[in-house]
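Shown below: structure_23.tsv, with TSV, C-alpha atoms and all ligand atoms.
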chain	number	residue	atom	x	y	z
U	1	MET	CA	-22.09	28.32	-19.94
U	2	ARG	CA	-21.35	25.59	-22.49
U	3	ASN	CA	-24.30	24.20	-24.46
U	4	PRO	CA	-24.52	20.58	-23.24
U	5	ALA	CA	-25.63	19.45	-26.72
U	6	ALA	CA	-22.47	20.86	-28.41
U	7	PRO	CA	-19.93	18.29	-29.72
U	8	GLY	CA	-17.20	19.60	-27.34
U	9	ALA	CA	-19.43	19.03	-24.31
U	10	VAL	CA	-20.29	15.52	-25.53
U	11	THR	CA	-16.59	14.65	-25.79
U	12	GLU	CA	-15.79	16.13	-22.38
U	13	SER	CA	-18.60	14.17	-20.69
U	14	ALA	CA	-17.63	11.05	-22.60
U	15	GLU	CA	-14.05	11.35	-21.31
U	16	LEU	CA	-15.40	11.02	-17.76
U	17	VAL	CA	-17.78	8.12	-18.38
U	18	LEU	CA	-16.21	5.97	-21.14
U	19	PRO	CA	-13.15	4.82	-19.13
U	20	LEU	CA	-15.56	3.15	-16.67
U	21	LEU	CA	-17.30	1.03	-19.34
U	22	PRO	CA	-16.53	-2.60	-20.26
U	23	PRO	CA	-15.79	-3.30	-23.98
U	24	GLN	CA	-19.36	-4.33	-24.96
U	25	ASP	CA	-20.79	-1.06	-23.61
U	26	LEU	CA	-18.01	0.94	-25.28
U	27	ALA	CA	-18.89	-0.68	-28.62
U	28	ALA	CA	-22.56	0.24	-28.15
U	29	VAL	CA	-21.65	3.87	-27.34
U	30	ALA	CA	-19.36	4.07	-30.41
U	31	SER	CA	-22.28	3.38	-32.71
U	32	ALA	CA	-24.25	6.43	-31.41
U	33	CYS	CA	-22.45	9.26	-33.24
U	34	ARG	CA	-19.14	10.27	-34.83
U	35	ALA	CA	-17.92	12.28	-31.79
U	36	LEU	CA	-18.48	9.32	-29.49
U	37	ARG	CA	-16.86	6.91	-31.95
U	38	ALA	CA	-13.72	9.09	-31.89
U	39	ALA	CA	-13.77	9.22	-28.07
U	40	VAL	CA	-14.14	5.40	-27.87
U	41	THR	CA	-11.21	4.96	-30.31
U	42	GLY	CA	-9.05	7.08	-27.98
U	43	VAL	CA	-10.05	5.06	-24.89
U	44	THR	CA	-9.39	1.77	-26.74
U	45	ALA	CA	-5.92	2.90	-27.88
U	46	ARG	CA	-4.96	4.00	-24.36
U	47	ARG	CA	-6.21	0.70	-22.88
U	48	ALA	CA	-4.15	-1.27	-25.42
U	49	ALA	CA	-1.09	0.80	-24.51
U	50	ASP	CA	-1.07	-0.25	-20.84
U	51	ALA	CA	-2.67	-3.35	-19.31
U	52	ALA	CA	-1.56	-2.03	-15.90
U	53	ARG	CA	-3.38	1.32	-16.40
U	54	GLY	CA	-0.56	3.32	-14.81
U	55	LEU	CA	-0.57	1.27	-11.60
U	56	GLU	CA	2.87	-0.29	-12.21
U	57	PRO	CA	6.20	1.53	-12.57
U	58	LEU	CA	6.27	0.80	-16.36
U	59	PRO	CA	3.45	0.48	-18.93
U	60	ILE	CA	2.65	-3.08	-20.11
U	61	PRO	CA	1.22	-2.88	-23.67
U	62	PHE	CA	-0.93	-5.40	-25.55
U	63	ARG	CA	0.24	-6.64	-28.96
U	64	ASN	CA	-2.11	-8.56	-31.27
U	65	CYS	CA	-1.20	-9.78	-34.76
U	66	VAL	CA	-3.70	-12.67	-34.60
U	67	ASP	CA	-7.21	-11.24	-34.41
U	68	SER	CA	-9.03	-7.95	-33.81
U	69	LYS	CA	-9.10	-7.93	-29.96
U	70	PRO	CA	-7.20	-4.79	-28.86
U	71	TYR	CA	-6.95	-5.74	-25.14
U	72	ALA	CA	-8.28	-8.06	-22.40
U	73	TYR	CA	-10.71	-6.52	-19.94
U	74	PHE	CA	-10.32	-7.06	-16.18
U	75	LEU	CA	-9.83	-4.90	-13.07
U	76	TYR	CA	-6.21	-4.23	-12.16
U	77	THR	CA	-4.62	-4.53	-8.75
U	78	PRO	CA	-0.82	-4.50	-8.22
U	79	PHE	CA	-1.28	-6.29	-4.86
U	80	SER	CA	-3.57	-9.10	-3.76
U	81	LEU	CA	-6.82	-8.19	-2.04
U	82	THR	CA	-8.61	-10.13	0.69
U	83	ARG	CA	-12.17	-11.18	-0.04
U	84	LEU	CA	-12.39	-13.68	2.77
U	85	ALA	CA	-15.84	-12.68	4.03
U	86	PRO	CA	-18.53	-14.99	2.59
U	87	GLY	CA	-20.45	-13.28	-0.21
U	88	ALA	CA	-18.04	-10.31	-0.36
U	89	SER	CA	-17.70	-9.11	-3.93
U	90	ALA	CA	-14.92	-7.43	-5.90
U	91	PRO	CA	-15.20	-3.81	-7.06
U	92	SER	CA	-17.28	-3.73	-10.25
U	93	ALA	CA	-15.66	-0.84	-12.16
U	94	GLN	CA	-12.32	0.95	-12.41
U	95	PRO	CA	-11.47	3.77	-14.84
U	96	TRP	CA	-9.18	2.58	-17.67
U	97	GLY	CA	-8.13	4.49	-20.77
U	98	ALA	CA	-8.86	8.04	-19.58
U	99	ALA	CA	-7.08	10.88	-21.40
U	100	TRP	CA	-5.75	12.35	-18.16
U	101	VAL	CA	-2.39	10.97	-17.15
U	102	ARG	CA	-1.93	9.15	-13.85
U	103	PRO	CA	1.34	9.84	-12.00
U	104	PRO	CA	3.72	6.89	-12.57
U	105	GLY	CA	3.93	4.09	-10.02
U	106	PRO	CA	1.41	2.07	-8.00
U	107	THR	CA	-1.21	4.28	-6.39
U	108	TRP	CA	-3.63	1.58	-5.27
U	109	PRO	CA	-2.95	1.51	-1.53
U	110	ARG	CA	-1.14	-1.64	-0.48
U	111	PRO	CA	-3.47	-3.24	2.08
U	112	ASN	CA	-2.45	-4.91	5.30
U	113	LEU	CA	-3.58	-8.24	3.85
U	114	ASP	CA	-4.78	-10.12	6.87
U	115	GLY	CA	-5.28	-7.56	9.62
U	116	PHE	CA	-2.51	-9.24	11.63
U	117	PRO	CA	-1.16	-6.71	14.19
U	118	SER	CA	1.93	-5.94	12.18
U	119	SER	CA	3.91	-4.41	15.03
U	120	VAL	CA	4.19	-7.91	16.57
U	121	CYS	CA	7.13	-8.93	14.43
U	122	GLY	CA	9.64	-7.34	12.09
U	123	CYS	CA	13.08	-5.82	12.14
U	124	ALA	CA	14.24	-2.48	13.47
U	125	CYS	CA	17.12	-2.02	10.98
U	126	ALA	CA	17.90	1.10	9.03
U	127	ALA	CA	17.01	0.42	5.38
U	128	ALA	CA	20.53	-0.22	4.10
U	129	GLU	CA	21.28	-2.89	6.74
U	130	CYS	CA	18.26	-5.12	6.16
U	131	GLY	CA	18.85	-8.68	4.99
U	132	GLY	CA	22.24	-8.94	6.76
U	133	THR	CA	23.06	-11.20	9.69
U	134	GLN	CA	21.74	-8.67	12.23
U	135	CYS	CA	18.36	-8.36	10.50
U	136	ALA	CA	15.46	-10.27	12.07
U	137	CYS	CA	13.98	-10.79	8.59
U	138	SER	CA	17.17	-12.05	6.99
U	139	ASP	CA	16.97	-15.08	4.75
U	140	ALA	CA	20.58	-16.23	4.66
U	141	ASP	CA	20.14	-18.72	1.77
U	142	ALA	CA	18.30	-16.22	-0.42
U	143	ASP	CA	20.76	-13.44	0.44
U	144	ALA	CA	23.59	-15.66	-0.77
U	145	ALA	CA	22.07	-17.23	-3.86
U	146	GLY	CA	18.64	-15.75	-4.59
U	147	PRO	CA	15.42	-17.63	-3.83
U	148	GLY	CA	16.70	-21.00	-5.19
U	149	PHE	CA	15.76	-22.74	-8.42
U	150	GLU	CA	15.24	-26.34	-7.43
U	151	ALA	CA	12.10	-27.94	-8.91
U	152	GLY	CA	8.79	-26.95	-7.30
U	153	MET	CA	7.92	-23.95	-5.18
U	154	GLY	CA	10.72	-21.86	-3.67
U	155	SER	CA	10.43	-19.75	-0.53
U	156	LEU	CA	11.78	-16.39	0.57
U	157	ARG	CA	11.48	-14.07	3.57
U	158	GLU	CA	11.24	-10.32	3.21
U	159	CYS	CA	10.75	-7.28	5.40
U	160	GLY	CA	7.12	-6.19	5.66
U	161	ASP	CA	4.49	-4.17	7.48
U	162	GLY	CA	6.02	-5.04	10.85
U	163	CYS	CA	9.44	-3.57	10.01
U	164	ALA	CA	10.91	-0.14	10.60
U	165	CYS	CA	12.64	0.02	7.18
U	166	ALA	CA	11.40	2.04	4.19
U	167	PRO	CA	9.71	0.67	1.02
U	168	SER	CA	13.09	1.13	-0.73
U	169	CYS	CA	14.68	-1.52	1.58
U	170	ARG	CA	16.78	-4.05	-0.38
U	171	ASN	CA	14.97	-6.89	1.42
U	172	ARG	CA	11.62	-5.92	-0.19
U	173	ARG	CA	12.56	-6.80	-3.75
U	174	THR	CA	9.09	-8.17	-4.62
U	175	GLN	CA	7.17	-5.22	-3.18
U	176	ARG	CA	7.79	-2.47	-5.71
U	177	GLY	CA	5.56	-3.68	-8.53
U	178	VAL	CA	6.54	-4.84	-12.02
U	179	ALA	CA	9.85	-3.08	-12.70
U	180	VAL	CA	10.90	-5.07	-15.80
U	181	ARG	CA	9.63	-4.39	-19.33
U	182	LEU	CA	6.85	-6.80	-20.30
U	183	ARG	CA	4.15	-7.00	-22.99
U	184	VAL	CA	0.95	-9.03	-23.40
U	185	VAL	CA	0.88	-10.86	-26.74
U	186	ARG	CA	-2.05	-12.59	-28.46
U	187	HIS	CA	-1.50	-16.24	-29.48
U	188	LEU	CA	-3.51	-18.26	-31.97
U	189	HIS	CA	-4.38	-21.14	-29.60
U	190	LYS	CA	-3.54	-19.90	-26.09
U	191	GLY	CA	-5.26	-16.51	-25.93
U	192	TRP	CA	-3.06	-13.80	-24.40
U	193	GLY	CA	0.41	-14.56	-23.05
U	194	LEU	CA	2.96	-12.55	-21.04
U	195	HIS	CA	6.28	-11.86	-22.79
U	196	ALA	CA	9.59	-10.28	-21.82
U	197	ALA	CA	10.05	-6.94	-23.62
U	198	GLU	CA	13.71	-6.82	-22.54
U	199	ALA	CA	16.36	-9.40	-21.65
U	200	LEU	CA	16.00	-10.74	-18.09
U	201	GLY	CA	18.76	-12.31	-15.99
U	202	ARG	CA	18.41	-15.59	-14.10
U	203	GLY	CA	17.09	-14.86	-10.61
U	204	GLN	CA	15.54	-11.49	-11.56
U	205	PHE	CA	12.17	-10.75	-9.94
U	206	VAL	CA	9.45	-10.53	-12.61
U	207	CYS	CA	6.06	-10.13	-10.93
U	208	GLU	CA	3.75	-11.18	-8.14
U	209	TYR	CA	0.61	-13.22	-8.85
U	210	ALA	CA	-1.91	-10.67	-7.57
U	211	GLY	CA	-5.65	-11.22	-7.34
U	212	GLU	CA	-8.31	-11.94	-4.75
U	213	PHE	CA	-7.40	-14.18	-1.82
U	214	LEU	CA	-10.35	-16.59	-1.49
U	215	THR	CA	-11.59	-19.03	1.11
U	216	THR	CA	-11.45	-22.63	-0.11
U	217	GLU	CA	-15.25	-22.74	-0.18
U	218	GLU	CA	-15.40	-19.69	-2.48
U	219	ALA	CA	-12.53	-21.04	-4.62
U	220	ARG	CA	-14.44	-24.30	-5.17
U	221	ARG	CA	-17.63	-22.42	-6.06
U	222	ARG	CA	-15.83	-20.21	-8.61
U	223	GLN	CA	-13.77	-23.07	-10.09
U	224	LYS	CA	-16.96	-25.00	-10.88
U	225	LEU	CA	-18.37	-21.98	-12.68
U	226	TYR	CA	-15.07	-21.28	-14.50
U	227	ASP	CA	-14.77	-24.93	-15.65
U	228	GLU	CA	-18.21	-24.66	-17.28
U	229	LEU	CA	-17.44	-21.33	-18.97
U	230	ALA	CA	-13.91	-22.38	-20.05
U	231	SER	CA	-15.15	-25.60	-21.70
U	232	GLY	CA	-17.37	-23.40	-23.92
U	233	GLY	CA	-14.33	-21.24	-24.79
U	234	ASN	CA	-15.91	-18.21	-23.08
U	235	LEU	CA	-13.34	-17.60	-20.34
U	236	SER	CA	-9.64	-17.93	-19.50
U	237	PRO	CA	-9.76	-18.60	-15.76
U	238	ALA	CA	-6.86	-17.45	-13.60
U	239	LEU	CA	-7.59	-19.12	-10.25
U	240	ILE	CA	-4.51	-20.65	-8.67
U	241	VAL	CA	-4.32	-22.91	-5.62
U	242	ILE	CA	-1.01	-23.07	-3.74
U	243	ARG	CA	-0.38	-25.95	-1.37
U	244	GLU	CA	2.59	-26.20	0.96
U	245	HIS	CA	3.43	-29.68	2.16
U	246	LEU	CA	4.95	-31.13	5.29
U	247	PRO	CA	7.78	-33.67	4.79
U	248	SER	CA	5.08	-36.35	5.36
U	249	GLY	CA	3.43	-35.16	2.11
U	250	LYS	CA	0.37	-33.76	3.93
U	251	ALA	CA	-0.73	-30.30	2.83
U	252	CYS	CA	-0.21	-27.85	5.70
U	253	LEU	CA	-1.08	-24.56	4.01
U	254	ARG	CA	-3.46	-23.76	1.19
U	255	VAL	CA	-3.80	-20.35	-0.45
U	256	ASN	CA	-6.33	-19.61	-3.22
U	257	ILE	CA	-5.70	-16.56	-5.43
U	258	ASP	CA	-8.18	-15.64	-8.17
U	259	ALA	CA	-6.95	-13.14	-10.79
U	260	THR	CA	-9.82	-13.78	-13.21
U	261	LYS	CA	-11.87	-10.62	-12.47
U	262	VAL	CA	-9.35	-8.61	-10.45
U	263	GLY	CA	-5.64	-9.24	-10.91
U	264	ASN	CA	-2.36	-8.05	-12.33
U	265	VAL	CA	-0.37	-9.05	-15.44
U	266	ALA	CA	0.55	-12.44	-13.96
U	267	ARG	CA	-2.97	-13.52	-14.97
U	268	PHE	CA	-1.62	-13.73	-18.56
U	269	ILE	CA	1.13	-16.27	-17.78
U	270	ASN	CA	0.48	-19.45	-19.77
U	271	HIS	CA	1.43	-23.02	-18.88
U	272	SER	CA	4.42	-24.94	-20.19
U	273	CYS	CA	4.79	-28.70	-19.66
U	274	ASP	CA	8.60	-28.38	-19.40
U	275	GLY	CA	8.31	-26.06	-16.37
U	276	GLY	CA	8.82	-22.88	-18.40
U	277	ASN	CA	11.25	-20.10	-17.55
U	278	LEU	CA	9.64	-18.73	-14.37
U	279	HIS	CA	10.20	-20.08	-10.88
U	280	PRO	CA	7.26	-19.69	-8.46
U	281	VAL	CA	8.35	-18.57	-4.99
U	282	LEU	CA	6.22	-18.16	-1.84
U	283	VAL	CA	7.28	-14.91	-0.22
U	284	ARG	CA	6.58	-14.29	3.46
U	285	SER	CA	6.78	-10.72	4.74
U	286	SER	CA	7.26	-9.91	8.39
U	287	GLY	CA	3.99	-8.80	9.93
U	288	SER	CA	1.79	-10.66	7.44
U	289	LEU	CA	0.22	-14.09	7.89
U	290	LEU	CA	-0.58	-14.69	4.21
U	291	PRO	CA	2.32	-15.53	1.90
U	292	ARG	CA	2.44	-14.04	-1.62
U	293	LEU	CA	3.18	-15.96	-4.83
U	294	CYS	CA	5.99	-14.34	-6.80
U	295	PHE	CA	7.75	-15.26	-10.06
U	296	PHE	CA	11.51	-15.04	-10.69
U	297	ALA	CA	13.35	-15.81	-13.96
U	298	SER	CA	14.60	-19.40	-13.61
U	299	ARG	CA	17.19	-18.84	-16.37
U	300	ASP	CA	18.38	-16.02	-18.61
U	301	ILE	CA	15.48	-14.90	-20.85
U	302	VAL	CA	15.84	-13.10	-24.17
U	303	GLU	CA	13.75	-10.15	-25.29
U	304	GLY	CA	10.47	-11.26	-26.86
U	305	GLU	CA	10.42	-14.70	-25.16
U	306	GLU	CA	7.13	-15.86	-23.67
U	307	LEU	CA	7.13	-16.19	-19.86
U	308	THR	CA	5.65	-19.48	-18.66
U	309	PHE	CA	5.57	-21.84	-15.69
U	310	SER	CA	4.07	-25.24	-15.01
U	311	TYR	CA	0.44	-25.17	-13.81
U	312	GLY	CA	0.90	-28.68	-12.40
U	313	ASP	CA	0.67	-32.29	-13.47
U	314	ALA	CA	-1.87	-32.95	-16.24
U	315	ARG	CA	-2.09	-36.62	-15.16
U	316	VAL	CA	-4.03	-35.58	-12.02
U	317	ARG	CA	-7.09	-34.60	-14.14
U	318	PRO	CA	-6.39	-36.00	-17.62
U	319	LYS	CA	-9.60	-34.58	-19.16
U	320	GLY	CA	-8.36	-30.97	-19.32
U	321	LEU	CA	-8.35	-28.61	-22.32
U	322	PRO	CA	-5.73	-29.20	-25.06
U	323	CYS	CA	-2.26	-27.83	-24.29
U	324	PHE	CA	-0.43	-25.79	-26.94
U	325	CYS	CA	2.76	-25.05	-24.97
U	326	GLY	CA	4.87	-26.44	-27.83
U	327	SER	CA	7.54	-27.92	-25.53
U	328	SER	CA	9.16	-31.20	-26.58
U	329	GLY	CA	7.69	-32.97	-23.53
U	330	CYS	CA	4.16	-31.55	-23.95
U	331	SER	CA	1.56	-33.92	-22.51
U	332	GLY	CA	-1.11	-32.53	-24.87
U	333	VAL	CA	-3.39	-31.72	-21.92
U	334	LEU	CA	-3.55	-28.48	-19.94
U	335	PRO	CA	-3.32	-29.21	-16.19
U	336	SER	CA	-6.48	-27.95	-14.51
U	337	GLU	CA	-6.82	-26.70	-10.98
U	338	GLU	CA	-8.10	-29.26	-8.49
U	339	THR	CA	-9.92	-27.16	-5.94
M	1	LIG	C1	-4.11	-17.91	-16.34
M	1	LIG	S1	-4.85	-17.87	-17.92
M	1	LIG	C2	-3.50	-17.42	-18.94
M	1	LIG	C3	-3.85	-16.25	-19.84
M	1	LIG	C4	-4.81	-16.60	-20.94
M	1	LIG	N1	-4.12	-17.19	-22.06
M	1	LIG	C5	-5.64	-15.40	-21.38
M	1	LIG	O1	-5.87	-15.21	-22.58
M	1	LIG	O2	-6.11	-14.64	-20.52
M	1	LIG	C6	-5.05	-19.60	-18.16
M	1	LIG	C7	-5.74	-19.95	-19.44
M	1	LIG	O3	-4.88	-19.70	-20.56
M	1	LIG	C8	-4.99	-20.72	-21.52
M	1	LIG	N2	-3.69	-21.45	-21.57
M	1	LIG	C9	-2.66	-21.32	-20.72
M	1	LIG	N3	-1.64	-22.10	-21.08
M	1	LIG	C10	-2.03	-22.77	-22.17
M	1	LIG	C11	-1.41	-23.75	-22.99
M	1	LIG	N4	-0.19	-24.20	-22.76
M	1	LIG	N5	-2.13	-24.23	-24.03
M	1	LIG	C12	-3.39	-23.78	-24.29
M	1	LIG	N6	-4.02	-22.85	-23.55
M	1	LIG	C13	-3.35	-22.35	-22.50
M	1	LIG	C14	-6.12	-21.63	-21.05
M	1	LIG	O4	-7.31	-21.14	-21.60
M	1	LIG	C15	-6.09	-21.41	-19.55
M	1	LIG	O5	-7.35	-21.70	-18.96
Hey, can you dump this file as structure tokens for me?
Ligand SMILES: C[S@@+](CC[C@H](N)C(=O)[O-])C[C@H]1O[C@@H](n2cnc3c(N)ncnc32)[C@H](O)[C@@H]1O
Amino acid sequence: MRNPAAPGAVTESAELVLPLLPPQDLAAVASACRALRAAVTGVTARRAADAARGLEPLPIPFRNCVDSKPYAYFLYTPFSLTRLAPGASAPSAQPWGAAWVRPPGPTWPRPNLDGFPSSVCGCACAAAECGGTQCACSDADADAAGPGFEAGMGSLRECGDGCACAPSCRNRRTQRGVAVRLRVVRHLHKGWGLHAAEALGRGQFVCEYAGEFLTTEEARRRQKLYDELASGGNLSPALIVIREHLPSGKACLRVNIDATKVGNVARFINHSCDGGNLHPVLVRSSGSLLPRLCFFASRDIVEGEELTFSYGDARVRPKGLPCFCGSSGCSGVLPSEET
């Protein structure tokens, strides 16, 4: 039997425990001995190499030429999670940076988001036929021209849990994770930002905004807390409120998604006052009540370009944080969420 005090045993045990620790605890462990410092360095390098921790089809690395932060710490989910029960809390730990290699592709099970009996609606097509005129989930406008790039929020219908088709169906283009090359880059004034690591074509699907679906009551409670922490420079909140309006202007649907603690790479998308190069689209899948927020390239994007969208109108709450989007029409103020 191996002597548990031997350096090899220390490293082996560390490999199991260290990936579960947040950065402050990792730093404390690193100061204990040389073997642990080496193990922590390995975990840190592997975290910096993939923000998505193997849960997306491609790795999404961090790049920082500005300061010494190697990565941003949060829990990753490729799909939104429902936390609609009052007081329900997110998972508190998730291994990240382990030496063992995860098989490629999303392995976090995609939940039936709202418990809606999914067999109630959907199509019965064979995979290759979906999206055509015979398909119950077809979205004729989107089939012809993509989800549309008029100002404001677009909309799109896709096959979903209620359909007979396979995950490879062509009418599930937003359901296969982040399939374009991206990286997370550190900025001097904006914190981290999401960048294209390859050229993207207009209309190409980039990513979903995944996080925790919240009740409005919980969203208001968290926003208050985040506003306090953000004003002290201690947090970059990623809580988004989506409102759909009737032609009368009245809001008819409100969805709150918080990617601050649990989210995917969309939590790194910064604001641009000129609307940016991403088009937000509400995607409805057959068999699911809750729509998902997805981002498509609103124009051709070159490799290295930062991906941005408009968080809203800064005039609604003019006392926001300073905006550093750099666009010619920058209002100077970052629009803040009105929950
Ligand atoms: C959804 S997060 C975006 C990712 C964030 N930069 C990070 O480091 O995690 C939103 C936060 O990013 C920062 N941010 C986004 N756009 C910005 C901009 N145009 N100018 C300055 N800060 C910005 C603000 O701190 C904002 O609260």
message: Taking all atoms listed in the file into account, which residues have an atom no farther than 8 Å from ligand LIG 1 (chain M)? I'd like them as a VMD selection string.
response: chain U and resid 72 186 to 187 189 to 194 230 233 235 to 239 259 to 260 266 to 273 321 to 326 333 to 334 336
field: Test item: residues at most 10 Å from U:Ser285, all atoms listed in the file, excluding those fewer than 4 positions along its chain, as a PyMOL selection string
entry: chain U and resi 121-122+137+156-163+171-172+174-175+289-292
query: Counting only C-alpha atoms, which residues come within 6 Å of (16.1, -12.5, -16.4), with the point read in the file's coordinates, and could you list them as a VMD selection string?
result: chain U and resid 200 to 202 204 297 300 to 301
Could you give me, as a PDB file with C-alpha atoms, keeping the file's coordinate frame, the residues within 12 Å of U:Glu129, counting all atoms listed in the file and dropping anything in the same chain fewer than 4 positions from it?
ATOM      1  CA  CYS U 123      13.080  -5.820  12.140  1.00  0.00           C
ATOM      2  CA  ALA U 124      14.240  -2.480  13.470  1.00  0.00           C
ATOM      3  CA  CYS U 125      17.120  -2.020  10.980  1.00  0.00           C
ATOM      4  CA  THR U 133      23.060 -11.200   9.690  1.00  0.00           C
ATOM      5  CA  GLN U 134      21.740  -8.670  12.230  1.00  0.00           C
ATOM      6  CA  CYS U 135      18.360  -8.360  10.500  1.00  0.00           C
ATOM      7  CA  ALA U 136      15.460 -10.270  12.070  1.00  0.00           C
ATOM      8  CA  CYS U 137      13.980 -10.790   8.590  1.00  0.00           C
ATOM      9  CA  SER U 138      17.170 -12.050   6.990  1.00  0.00           C
ATOM     10  CA  CYS U 159      10.750  -7.280   5.400  1.00  0.00           C
ATOM     11  CA  ALA U 164      10.910  -0.140  10.600  1.00  0.00           C
ATOM     12  CA  CYS U 165      12.640   0.020   7.180  1.00  0.00           C
ATOM     13  CA  ALA U 166      11.400   2.040   4.190  1.00  0.00           C
ATOM     14  CA  SER U 168      13.090   1.130  -0.730  1.00  0.00           C
ATOM     15  CA  CYS U 169      14.680  -1.520   1.580  1.00  0.00           C
ATOM     16  CA  ARG U 170      16.780  -4.050  -0.380  1.00  0.00           C
ATOM     17  CA  ASN U 171      14.970  -6.890   1.420  1.00  0.00           C
TER      18      ASN U 171
END
message: Using all atoms listed in the file, which protein or nucleic acid residues come within 10 Å of U:Ala45? Drop anything in the same chain fewer than 4 positions from it, and give the result as number ranges by chain.
response: U: 40-41, 49-50, 62, 70-71, 97
- prompt: Which residue out of U:Leu20, U:Gly263, U:Gly131, U:Ser328 has the minimum interatomic distance to U:Arg173 when only C-alpha atoms are used?
  reply: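 Among the listed residues, the smallest separation from U:Arg173 belongs to U:Gly131.
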Spatial sel., origin (-5.7, -10.6, -4.3), limit 8 Å, all atoms listed in the file, listed as a ChimeraX atom specification: /U:77,79-83,210-213,257-259,262-263
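Among the candidate residues U:Ile240, U:Ala196, U:Val17, U:Leu229, the one lying nearest to U:Val43 is U:Val17, with distances computed using only C-alpha atoms.
Between atom CA of U:Trp96 and atom CA of U:Arg53 there is a distance of 6.1 Å.
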